[in-house]
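Participant: So I've got this file, work_0.cif, and it contains mmCIF, C-alpha atoms:
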data_entry
#
loop_
_atom_site.label_atom_id
_atom_site.label_comp_id
_atom_site.auth_asym_id
_atom_site.auth_seq_id
_atom_site.Cartn_x
_atom_site.Cartn_y
_atom_site.Cartn_z
CA MET A 26 15.25 -19.11 -96.54
CA LYS A 27 15.69 -21.88 -94.03
CA PRO A 28 19.28 -22.38 -92.85
CA ASP A 29 19.44 -25.85 -94.46
CA GLY A 30 19.07 -24.57 -98.05
CA SER A 31 21.96 -23.72 -100.35
CA LEU A 32 23.78 -20.50 -99.62
CA LYS A 33 26.64 -18.42 -100.91
CA LEU A 34 28.32 -18.26 -97.54
CA VAL A 35 30.82 -15.45 -97.84
CA GLY A 36 28.58 -13.14 -99.83
CA GLY A 37 25.28 -14.42 -98.53
CA VAL A 38 25.74 -14.73 -94.77
CA ARG A 39 28.92 -13.01 -93.57
CA ASP A 40 28.35 -9.38 -92.53
CA LEU A 41 24.58 -9.81 -92.21
CA GLN A 42 22.78 -8.26 -89.22
CA ILE A 43 21.72 -10.79 -86.57
CA VAL A 44 18.31 -10.42 -84.92
CA ASP A 45 17.28 -12.62 -82.01
CA ALA A 46 13.94 -14.30 -81.35
CA ASP A 47 12.68 -11.14 -79.61
CA GLY A 48 13.53 -8.91 -82.59
CA VAL A 49 16.60 -7.37 -80.91
CA LYS A 50 19.58 -6.54 -83.14
CA CYS A 51 22.45 -8.38 -81.53
CA GLY A 52 25.46 -8.30 -83.82
CA ILE A 53 26.82 -9.04 -87.25
CA VAL A 54 27.96 -12.38 -88.67
CA ASP A 55 31.72 -11.90 -88.53
CA GLU A 56 32.86 -15.39 -89.56
CA ILE A 57 31.56 -18.87 -90.21
CA GLU A 58 32.90 -22.02 -88.54
CA PHE A 59 32.81 -25.32 -90.42
CA GLU A 60 33.16 -28.96 -89.43
CA GLY A 61 34.06 -32.00 -91.48
CA ALA A 62 36.98 -34.11 -92.58
CA ALA A 63 38.96 -34.14 -95.79
CA GLY A 64 36.99 -35.90 -98.51
CA GLY A 65 33.80 -35.83 -96.47
CA PRO A 66 30.90 -33.45 -96.29
CA LEU A 67 31.52 -29.94 -95.02
CA ARG A 68 28.89 -28.50 -92.70
CA ILE A 69 28.43 -25.20 -90.98
CA LYS A 70 29.01 -25.62 -87.26
CA ALA A 71 28.45 -22.06 -86.03
CA ILE A 72 28.43 -18.40 -86.86
CA LEU A 73 31.08 -16.40 -85.05
CA VAL A 74 30.22 -13.00 -83.66
CA GLY A 75 32.39 -10.42 -81.95
CA PRO A 76 35.60 -8.47 -82.32
CA GLY A 77 37.80 -11.55 -81.86
CA ALA A 78 36.18 -13.21 -84.87
CA TYR A 79 37.52 -10.70 -87.38
CA ARG A 80 41.14 -10.55 -86.34
CA ASP A 81 42.28 -11.50 -89.87
CA ARG A 82 40.01 -8.97 -91.59
CA LEU A 83 41.36 -5.71 -90.14
CA PRO A 84 44.75 -4.00 -90.08
CA ARG A 85 46.53 -4.59 -86.79
CA TRP A 86 46.31 -0.96 -85.64
CA VAL A 87 42.54 -0.85 -86.24
CA LEU A 88 42.13 -4.13 -84.44
CA TRP A 89 44.00 -2.73 -81.42
CA VAL A 90 41.54 0.20 -81.22
CA VAL A 91 38.51 -2.08 -81.62
CA TRP A 92 39.77 -4.48 -78.95
CA ARG A 93 40.45 -1.62 -76.50
CA ILE A 94 36.86 -0.43 -76.89
CA ALA A 95 34.88 -3.64 -77.42
CA GLY A 96 37.21 -6.41 -76.23
CA ASP A 97 38.30 -9.46 -78.21
CA ARG A 98 35.49 -11.90 -77.42
CA VAL A 99 34.17 -14.42 -79.92
CA VAL A 100 30.68 -15.85 -79.45
CA ARG A 101 29.91 -19.11 -81.24
CA VAL A 102 26.25 -19.27 -82.20
CA PRO A 103 25.40 -22.91 -83.03
CA TRP A 104 24.00 -23.25 -86.53
CA ALA A 105 21.02 -25.10 -85.04
CA GLN A 106 19.96 -21.79 -83.41
CA VAL A 107 19.63 -20.04 -86.80
CA ALA A 108 15.92 -19.96 -87.64
CA HIS A 109 15.92 -18.01 -90.93
CA ILE A 110 18.30 -16.27 -93.32
CA GLY A 111 17.14 -13.44 -95.57
CA SER A 112 18.31 -9.85 -95.49
CA MET A 113 19.34 -10.66 -91.91
CA VAL A 114 20.01 -13.74 -89.80
CA LYS A 115 17.11 -14.51 -87.46
CA LEU A 116 17.89 -16.56 -84.36
CA ALA A 117 15.55 -19.06 -82.73
CA ILE A 118 16.30 -17.89 -79.16
CA PRO A 119 17.07 -14.62 -77.32
CA ALA A 120 20.58 -13.21 -77.78
CA ARG A 121 21.41 -13.14 -74.06
CA GLN A 122 20.98 -16.95 -73.87
CA LEU A 123 23.87 -17.22 -76.34
CA GLY A 124 26.09 -14.65 -74.63
CA LEU A 125 25.62 -12.06 -77.34
CA MET A 126 25.41 -8.33 -76.56
CA ARG A 127 28.35 -8.28 -74.09
CA SER A 128 30.73 -6.54 -76.52
CA GLU A 129 28.00 -4.08 -77.45
CA ASP A 130 27.30 -3.39 -73.77
CA ARG A 131 31.02 -2.78 -73.18
CA ALA A 132 31.37 -0.47 -76.21
CA ARG A 133 28.25 1.45 -75.17
CA ARG A 134 30.23 2.87 -72.22
CA TYR A 135 32.30 4.90 -74.70
CA VAL A 136 29.39 6.30 -76.71
CA PRO A 137 27.64 9.37 -75.30
CA ARG A 138 23.88 9.05 -74.88
CA VAL A 139 21.70 11.16 -77.12
CA GLY A 140 20.53 14.20 -75.21
CA ALA A 141 23.35 13.83 -72.66
CA LEU A 142 25.48 16.46 -74.34
#
What would you get if you wrote out this structure as structure tokens?
Facilitator:
Amino acid sequence: MKPDGSLKLVGGVRDLQIVDADGVKCGIVDEIEFEGAAGGPLRIKAILVGPGAYRDRLPRWVLWVVWRIAGDRVVRVPWAQVAHIGSMVKLAIPARQLGLMRSEDRARRYVPRVGAL
């Protein structure tokens, strides 16, 4: 589906895997940012990715642990950079151009490498 079709946003987009233009998994859609005024059309402005985007979705103690490991960054991915939505969200450009992957890179420091044990 193209990103300009009708969607069930909470159930249809939030929590989907994000894959960049190079096929690299680069996060999960944590929240959706809208723009518009009262009485006017409501449009999606961006998808929000990163531990700071789900502050209202986790208990405070869990959030503290997540933030200690991965930080509290929020990356805003402009809706114009979404190329396709299906079982995952496909981006039109590489993740690093949007600043994605930094939280994953930080968290990776705490995860032992396979074969390193």
Participant: Starting from the shown file, work through the PyMOL selection byres ((chain A and resi 105) around 10) and note down what comes out as a list of chain:residue names.
Facilitator: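 When the PyMOL selection byres ((chain A and resi 105) around 10) is applied, the selected residues are A:Pro28, A:Asp29, A:Ile69, A:Lys70, A:Ala71, A:Val102, A:Pro103, A:Trp104, A:Gln106, A:Val107, A:Ala108, A:Leu116, A:Ala117.
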Participant: From the set A:Val99, A:Leu83, A:Ala120, A:Leu125, which residue has the shortest atom-to-atom contact distance to Val49 of chain A, counting only C-alpha atoms?
Facilitator: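 Of all the options, A:Ala120 lies closest to Val49 of chain A.
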Participant: Which residues, written as a PyMOL selection string, have at least one atom at most 7 Å from segment 40-48 of chain A, with only C-alpha atoms counted and residues fewer than 6 positions away on the same chain left out?
Facilitator: chain A and resi 54-55+113-120
Participant: Just need the box for segment 55-60 of chain A, edges along x, y and z, holding every atom the file lists for it with 3 Å tacked onto each side, so centre and edge lengths in Å to one decimal, as JSON.
Facilitator:
{"center_x": 32.4, "center_y": -20.4, "center_z": -89.5, "size_x": 7.6, "size_y": 23.1, "size_z": 7.9}
Participant: Could you check how far atom CA of Val90 of chain A sits from atom CA of Gly75 of chain A, in Å to one decimal?
Facilitator: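 Separating atom CA of Val90 of chain A from atom CA of Gly75 of chain A is a distance of 14.0 Å.
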Participant: So, with only C-alpha atoms as the atoms that count, which of A:Gly52, A:Pro84, A:Gly37, A:Pro66 lies closest to Gly124 of chain A?
Facilitator: A:Gly52
Participant: Could you tell me which of A:Ile94, A:Gly65, A:Arg121, A:Ile72 comes closest to Val38 of chain A if we count all atoms listed in the file?
Facilitator: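 Between A:Ile94, A:Gly65, A:Arg121, A:Ile72, the residue approaching Val38 of chain A most closely is A:Ile72.
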Participant: Quick one: apply the PyMOL selection byres ((chain A and resi 79) around 12) to the file and drop the selected residues here as a VMD selection string.
Facilitator: chain A and resid 39 to 40 53 to 57 72 to 78 80 to 85 87 to 89 91 to 92 96 to 100
